[in-house]
Amino acid sequence: MKEKIRHSKLLIKELYEFKPTILLAIMFATVFNVALPLLQLLLSAFVIQWLLEGISIGDYLLRLLLLIVPIGIAQMGNYYFMLYQEENMNHFRDFMRNKIETKYLKLDYPLIIGKEAQERYNNASELTDNNMTLFGRLVTEIIELCSSFLGVILYINILSQLESLFLVLVGVFLLIVVFFNVWQVKMDRKLFQAKAANSQKLRYLRKVYGESRITKDVRIFQMKDWFKQVEDKTIAEYHRIIKPKVRLTWTESTLVNLGIIGLSALSYIRSVQLIAAGAIPVSSFVIFAGSVTILAQTIMTLVNAIGKMNTSLNETKKYDDFMSQGQVFNHEEGRSLPKEPLSIELKNVSYTYPNNDTPTINNVSLTIKPYENLAIVGENGAGKSTLTNLIAGLLKPDSGEIYINGVAQSEFNISDYYALFAPVFQEKFLLTYSIKETVIQGLPFDELKYNRVLKQSGLTDIISKFKSRDETKIVRAVYPDGVNLSGGQLQKLKLAQALYKDAPVLLLDEPTAALDPIAEHQIYQDYFQFSKDKLSIFISHRLSSTRFCDRIIYIKNGDITEVGTHEELMTKQKDYFKLYEAQAYYYKHDKEEKEEEDEPVATGGVI
Ligand SMILES: Nc1ncnc2c1ncn2[C@@H]1O[C@H](COP(=O)(O)OP(=O)(O)OP(=O)(O)O)[C@@H](O)[C@H]1O
């Protein structure tokens with residue numbers, strides 16, 4: 001209960017922060033919602049009353065006008081607030097989505113990796129998906145709850161004047177509605193897992209349909225019919241899952257309607273009896289008869305609204321859980337950044353990913369000297385990227401510390417700290433900008449530097465082939481006249497971006513994996529040029545490229561097992577040596593096969 005109160009306060013706070021007037025609007029909408037049916041009921045009663053009184057037509061019209069004016073105002077008010085509510089529903093949803101996204105963008109990287117972190121974000125983000133989700137329906141739900149609550153009190157009051165037995169019957173009716181509502185909620189809970197798993201299956205299937213990567217398989221493997229079968233089966237499974245729910249809804253409607261009929265019959269009989277006895281005027285019949293129907297409906301709306309509000313308050317927990325996350329890194333004012341040259345030292349650094357049993361980085365100690373070109377090599381999954389992520393301040397060591405020029409990483413403000421690094425990550429993502437904007441990424445434009453990095457990254461030639469040169473947009477899905485960059489071109493673009501940032505530490509995680517051999521060779525040649533006044537860390541599986549680095553470390557199962565220059569590691573004849581030899585063998589073998597294939601066809605052969 002305490003949590004529900006806290007979440008109610010949180011929702012009201014968010015609404016107030018969005019627009020203080022929205023709370024006032026909710027109040028007015030509630031009043032108009034309740035007033036309109038009541039005024040309409042009164043109008044019918046008065047019309048009969050005046051007719052029976054036999055008043056003059058002039059008087060009749062005047063009185064009619066006096067009642068129609070407030071009804072008109074209530075009608076207009078109702079309509080106006082409905083529009084206001086619709087408009088603000090979308091704005092409030094956008095406002096909340098913005099808050100969640102801003103929080104996500106500001107969260108430290110460790111808080112957004114892993115299944116649980118992603119779920120936390122998805123759960124919060126889904127609350128803003130459409131007008132059926134929490135932040136889309138909240139205003140409507142509050143108005144519904146307040147109006148139905150006010151309505152129930154009002155109509156119980158009216159009907160209890162007619163017959164006190166009504167209170168008992170209304171109580172029984174209320175119990176039936178509550179009973180079914182609770183049953184419905186329980187049923188929803190019971191079916192939730194099965195429904196969620198089913199819709200997850202369907203969502204995935206529909207997502208896969210639209211996936212460009214699968215279109216080739218669909219055609220070659222003739223998967224169309226198979227897809228359809230799986231979809232039909234999933235939809236049939238959905239109907240089977242919700243069958244008990246549909247049955248319950250039918251039973252509920254039948255009993256509720258019987259209750260309404262019973263209540264109406266009682267009100268008709270009682271009012272006719274009282275009219276016959278002269279205890280109430282004839283016109284009251286309209287009010288009492290109408291009130292029963294309105295009350296029954298309002299009770300159902302109220303119980304429903306309470307149930308919905310309960311769900312909404314439970315869902316608010318998802319928002320609260322996401323938004324109340326504290327940070328992992330230092331966000332206070334930290335030490336000022338050290339001047340170049342920089343050295344990096346790792347002392348007994350260990351790191352285990354959330355939910356992993358074994359550490360990915362295991363008690364690693366390493367010093368990287370100023371302006372050193374360090375290569376990190378090792379098998380897939382050895383921990384190379386994780387190590388660079390720790391150095392770059394994306395992950396936080398579980399134990400041990402990383403020092404920059406002797407100052408612990410944790411003493412720097414993390415945003416300041418990021419200024420030290422210019423990375424090219426393995427994962428590449430593009431915003432919808434032009435090539436030029438992507439390279440510059442919001443930094444001041446320096447033409448000399450810009451042209452230099454285009455050349456160093458091998459982008460100059462690529463750009464020269466585009467009609468709009470470096471103004472070419474790079475996400476075709478958004479700009480039809482844009483270009484789709486190949487994996488290699490994208491890699492060059494990301495390298496240019498890193499070089500333009502011009503930070504003291506270059507982190508290159510497989511920067512040439514997608515490049516053709518000539519482009520790769522060119523980048524290696526330039527690499528020693530553009531990294532000479534920087535400390536650089538270079539991860540690559542191509543040992544021919546790392547052999548020229550000042551020092552190579554070999555990582556195995558999160559541990560540094562070998563350190564030295566290429567020549568030193570080759571003499572040790574351990575893992576590095578084996579890997580290098582294996583690569584050299586395949587390279588030589590490939591080359592020989594290629595040369596054989598390229599030999600001229602023997603004389604006399606059929607061409
Ligand atoms: N976000 C994550 N959550 C859980 N485990 C992760 C995560 N990222 C990486 N790992 C695991 O940590 C280990 C090391 O991954 P890492 O990417 O650092 O290896 P790597 O040496 O760079 O591999 P590769 O050469 O394939 O790029 C792997 O077993 C990987 O599955």
# chains A, B, ... in the order shown; residues from 1 in each chain; ligands from 1
>>> residues_around(residues="Arg452 (chain A)", least_positions_apart="2", cutoff="12 Å", atoms="only C-alpha atoms", output="number ranges by chain")
A: 439, 446-450, 454-460, 496-497, 499-500, 502, 526, 529-530
>>> closest_atom_pairs(of="chain A", to="ligand 1", cutoff="8 Å", atoms="only C-alpha atoms and all ligand atoms", output="tab-separated table")
residue	atom	partner	partner_atom_place_in_ligand_line	distance
A:Ile113	CA	ligand 1	1 (N)	5.3
A:Gly114	CA	ligand 1	3 (N)	5.1
A:Lys115	CA	ligand 1	3 (N)	7.9
A:Thr352	CA	ligand 1	5 (N)	8.0
A:Tyr353	CA	ligand 1	4 (C)	4.8
A:Pro354	CA	ligand 1	4 (C)	6.3
A:Asn355	CA	ligand 1	4 (C)	7.1
A:Asn356	CA	ligand 1	4 (C)	6.3
A:Thr360	CA	ligand 1	12 (O)	5.3
A:Val377	CA	ligand 1	21 (O)	7.7
A:Gly378	CA	ligand 1	21 (O)	6.3
A:Glu379	CA	ligand 1	25 (O)	5.8
A:Asn380	CA	ligand 1	25 (O)	3.6
A:Gly381	CA	ligand 1	19 (O)	3.4
A:Ala382	CA	ligand 1	21 (O)	3.8
A:Gly383	CA	ligand 1	18 (O)	3.3
A:Lys384	CA	ligand 1	21 (O)	3.8
A:Ser385	CA	ligand 1	22 (O)	3.7
A:Thr386	CA	ligand 1	18 (O)	3.7
A:Leu387	CA	ligand 1	18 (O)	6.5
A:Gln426	CA	ligand 1	27 (O)	7.5
A:Asp509	CA	ligand 1	27 (O)	7.9
A:Glu510	CA	ligand 1	27 (O)	7.8
A:Ile539	CA	ligand 1	22 (O)	8.0
A:Ser540	CA	ligand 1	25 (O)	7.9
A:His541	CA	ligand 1	25 (O)	7.1
A:Ile555	CA	ligand 1	21 (O)	7.6
A:Gly558	CA	ligand 1	14 (C)	7.5
>>> residues_around(residues="region 292-294 of chain A", least_positions_apart="2", cutoff="8 Å", atoms="only C-alpha atoms", output="list in words")
Tyr155, Leu159, Ile260, Leu263, Ser264, Ser267, Phe288, Ala289, Gly290, Ala296, Gln297 and Thr298 of chain A
>>> select_by_dssp(residues="region 327-483 of chain A", states="strand (DSSP E or B)", output="PyMOL selection string")
chain A and resi 344-351+361-368+373-378+399-404+407-408+421-424+434+473
>>> write_last_selection(atoms="C-alpha atoms", output="CSV table (one decimal), in the first residue's frame")
chain,number,residue,atom,x,y,z
A,344,ILE,CA,48.0,4.1,-18.5
A,345,GLU,CA,48.5,1.6,-15.8
A,346,LEU,CA,46.2,-1.3,-14.8
A,347,LYS,CA,46.8,-2.7,-11.4
A,348,ASN,CA,45.2,-6.1,-10.6
A,349,VAL,CA,42.1,-5.3,-12.7
A,350,SER,CA,39.3,-7.9,-12.7
A,351,TYR,CA,35.9,-7.8,-14.3
A,361,ILE,CA,39.3,-10.0,-17.1
A,362,ASN,CA,41.3,-11.8,-14.4
A,363,ASN,CA,43.7,-9.8,-12.2
A,364,VAL,CA,45.4,-8.0,-15.1
A,365,SER,CA,48.3,-5.6,-14.5
A,366,LEU,CA,49.8,-3.7,-17.4
A,367,THR,CA,51.6,-0.4,-18.0
A,368,ILE,CA,51.2,1.4,-21.3
A,373,ASN,CA,51.6,1.5,-30.0
A,374,LEU,CA,50.2,-1.5,-28.1
A,375,ALA,CA,48.6,-4.4,-29.9
A,376,ILE,CA,46.2,-6.7,-28.1
A,377,VAL,CA,45.8,-10.1,-29.7
A,378,GLY,CA,44.1,-13.4,-28.7
A,399,SER,CA,38.5,-4.9,-8.3
A,400,GLY,CA,41.8,-3.3,-9.0
A,401,GLU,CA,42.2,0.2,-10.5
A,402,ILE,CA,43.2,1.9,-13.7
A,403,TYR,CA,45.5,4.9,-13.5
A,404,ILE,CA,46.2,7.7,-16.0
A,407,VAL,CA,45.7,9.3,-11.1
A,408,ALA,CA,43.0,6.7,-10.5
A,421,PHE,CA,39.8,8.5,-25.9
A,422,ALA,CA,39.1,8.3,-29.6
A,423,PRO,CA,37.7,4.8,-30.3
A,424,VAL,CA,36.7,2.8,-33.3
A,434,SER,CA,26.0,13.5,-44.0
A,473,LYS,CA,23.7,11.5,-46.5
>>> closest_atom_pairs(of="region 135-185 of chain A", to="region 241-258 of chain A", cutoff="8 Å", atoms="only C-alpha atoms", output="CSV")
residue,atom,partner,partner_atom,distance
A:Phe173,CA,A:Val256,CA,7.6
A:Ile176,CA,A:Val256,CA,7.5
A:Val177,CA,A:Val256,CA,7.0
A:Phe180,CA,A:Glu252,CA,6.3
A:Gln184,CA,A:Lys245,CA,7.3
>>> atom_distance(atom1="CA of Pro444 (chain A)", atom2="CA of Lys467 (chain A)")
25.0 Å
>>> select_by_dssp(residues="region 236-403 of chain A", states="helix (DSSP H, G or I)", output="ChimeraX atom specification")
/A:236-276,284-323,384-391
>>> residues_around(residues="region 201-205 of chain A", least_positions_apart="6", cutoff="12 Å", atoms="only C-alpha atoms", output="ChimeraX atom specification")
/A:194-195,211,214,224,226-238
>>> residues_around(residues="region 326-338 of chain A", least_positions_apart="2", cutoff="6 Å", atoms="only C-alpha atoms", output="number ranges by chain")
A: 411-414
>>> write_last_selection(atoms="N, CA and C atoms", output="mmCIF file, in the first residue's frame")
data_model
loop_
_atom_site.group_PDB
_atom_site.id
_atom_site.type_symbol
_atom_site.label_atom_id
_atom_site.label_comp_id
_atom_site.auth_asym_id
_atom_site.auth_seq_id
_atom_site.Cartn_x
_atom_site.Cartn_y
_atom_site.Cartn_z
ATOM 1 N N GLU A 411 38.875 8.975 -9.948
ATOM 2 C CA GLU A 411 38.974 10.353 -9.464
ATOM 3 C C GLU A 411 38.597 11.383 -10.525
ATOM 4 N N PHE A 412 38.429 10.927 -11.761
ATOM 5 C CA PHE A 412 38.032 11.856 -12.828
ATOM 6 C C PHE A 412 36.518 11.857 -12.967
ATOM 7 N N ASN A 413 35.984 13.003 -13.356
ATOM 8 C CA ASN A 413 34.575 13.016 -13.751
ATOM 9 C C ASN A 413 34.502 12.213 -15.050
ATOM 10 N N ILE A 414 33.567 11.279 -15.112
ATOM 11 C CA ILE A 414 33.584 10.319 -16.220
ATOM 12 C C ILE A 414 33.403 11.002 -17.588
#
>>> closest_residue(among="A:Val178, A:Val47, A:Leu138, A:Ile12", to="Lys308 (chain A)", atoms="only C-alpha atoms")
A:Leu138
>>> residues_around(residues="Ala25 (chain A)", least_positions_apart="3", cutoff="10 Å", atoms="only C-alpha atoms", output="JSON, numbers by chain")
{"A": [20, 21, 22, 28, 29, 30, 31, 81, 82, 84, 85, 139, 143]}
>>> closest_residue(among="A:Lys492, A:Ala276, A:Phe538, A:Phe46", to="Glu520 (chain A)", atoms="only C-alpha atoms")
A:Lys492
>>> closest_residue(among="A:Val563, A:Ala419, A:Ala584, A:Ile518", to="Leu506 (chain A)", atoms="only C-alpha atoms")
A:Ala419
>>> atom_distance(atom1="CA of Gly393 (chain A)", atom2="CA of Tyr109 (chain A)")
8.7 Å
>>> closest_residue(among="A:Met187, A:Val475, A:Val282, A:Leu390", to="Leu51 (chain A)", atoms="only C-alpha atoms")
A:Val282
>>> residues_around(residues="Gln40 (chain A)", least_positions_apart="3", cutoff="10 Å", atoms="only C-alpha atoms", output="list in words")
Ala35, Leu36, Pro37, Leu43, Ser44, Ala45, Phe46, Leu67, Ile68, Pro70, Ile71, Ile287 and Gly290 of chain A
>>> atom_distance(atom1="CA of Trp50 (chain A)", atom2="CA of Ile269 (chain A)")
23.6 Å
>>> decode(residues="region 440-451 of chain A", atoms="N, CA, C and O atoms", output="PDB file, in the first residue's frame")
ATOM      1  N   ILE A 440      32.759  15.029 -38.311  1.00  0.00           N
ATOM      2  CA  ILE A 440      33.006  16.144 -37.379  1.00  0.00           C
ATOM      3  C   ILE A 440      32.298  15.936 -36.033  1.00  0.00           C
ATOM      4  O   ILE A 440      32.776  16.400 -35.000  1.00  0.00           O
ATOM      5  N   GLN A 441      31.163  15.213 -36.063  1.00  0.00           N
ATOM      6  CA  GLN A 441      30.380  14.890 -34.854  1.00  0.00           C
ATOM      7  C   GLN A 441      30.210  16.045 -33.880  1.00  0.00           C
ATOM      8  O   GLN A 441      30.404  15.919 -32.654  1.00  0.00           O
ATOM      9  N   GLY A 442      29.895  17.218 -34.423  1.00  0.00           N
ATOM     10  CA  GLY A 442      29.547  18.360 -33.572  1.00  0.00           C
ATOM     11  C   GLY A 442      30.745  19.148 -33.052  1.00  0.00           C
ATOM     12  O   GLY A 442      30.570  20.148 -32.363  1.00  0.00           O
ATOM     13  N   LEU A 443      31.962  18.743 -33.405  1.00  0.00           N
ATOM     14  CA  LEU A 443      33.142  19.504 -32.952  1.00  0.00           C
ATOM     15  C   LEU A 443      33.350  20.697 -33.901  1.00  0.00           C
ATOM     16  O   LEU A 443      32.839  20.697 -35.024  1.00  0.00           O
ATOM     17  N   PRO A 444      34.115  21.713 -33.480  1.00  0.00           N
ATOM     18  CA  PRO A 444      34.360  22.851 -34.387  1.00  0.00           C
ATOM     19  C   PRO A 444      35.064  22.371 -35.664  1.00  0.00           C
ATOM     20  O   PRO A 444      35.907  21.480 -35.613  1.00  0.00           O
ATOM     21  N   PHE A 445      34.677  22.985 -36.777  1.00  0.00           N
ATOM     22  CA  PHE A 445      35.235  22.534 -38.063  1.00  0.00           C
ATOM     23  C   PHE A 445      36.641  23.078 -38.280  1.00  0.00           C
ATOM     24  O   PHE A 445      36.877  24.276 -38.183  1.00  0.00           O
ATOM     25  N   ASP A 446      37.566  22.170 -38.584  1.00  0.00           N
ATOM     26  CA  ASP A 446      38.939  22.573 -38.874  1.00  0.00           C
ATOM     27  C   ASP A 446      39.273  21.929 -40.231  1.00  0.00           C
ATOM     28  O   ASP A 446      39.483  20.709 -40.306  1.00  0.00           O
ATOM     29  N   GLU A 447      39.295  22.768 -41.272  1.00  0.00           N
ATOM     30  CA  GLU A 447      39.387  22.233 -42.628  1.00  0.00           C
ATOM     31  C   GLU A 447      40.647  21.400 -42.846  1.00  0.00           C
ATOM     32  O   GLU A 447      40.608  20.318 -43.446  1.00  0.00           O
ATOM     33  N   LEU A 448      41.760  21.911 -42.313  1.00  0.00           N
ATOM     34  CA  LEU A 448      43.039  21.230 -42.525  1.00  0.00           C
ATOM     35  C   LEU A 448      43.000  19.820 -41.920  1.00  0.00           C
ATOM     36  O   LEU A 448      43.352  18.827 -42.563  1.00  0.00           O
ATOM     37  N   LYS A 449      42.532  19.803 -40.651  1.00  0.00           N
ATOM     38  CA  LYS A 449      42.462  18.518 -39.955  1.00  0.00           C
ATOM     39  C   LYS A 449      41.474  17.594 -40.665  1.00  0.00           C
ATOM     40  O   LYS A 449      41.737  16.406 -40.856  1.00  0.00           O
ATOM     41  N   TYR A 450      40.359  18.180 -41.076  1.00  0.00           N
ATOM     42  CA  TYR A 450      39.302  17.395 -41.727  1.00  0.00           C
ATOM     43  C   TYR A 450      39.838  16.698 -42.978  1.00  0.00           C
ATOM     44  O   TYR A 450      39.692  15.490 -43.157  1.00  0.00           O
ATOM     45  N   ASN A 451      40.517  17.466 -43.836  1.00  0.00           N
ATOM     46  CA  ASN A 451      41.046  16.872 -45.068  1.00  0.00           C
ATOM     47  C   ASN A 451      42.115  15.831 -44.774  1.00  0.00           C
ATOM     48  O   ASN A 451      42.217  14.815 -45.445  1.00  0.00           O
TER      49      ASN A 451
END
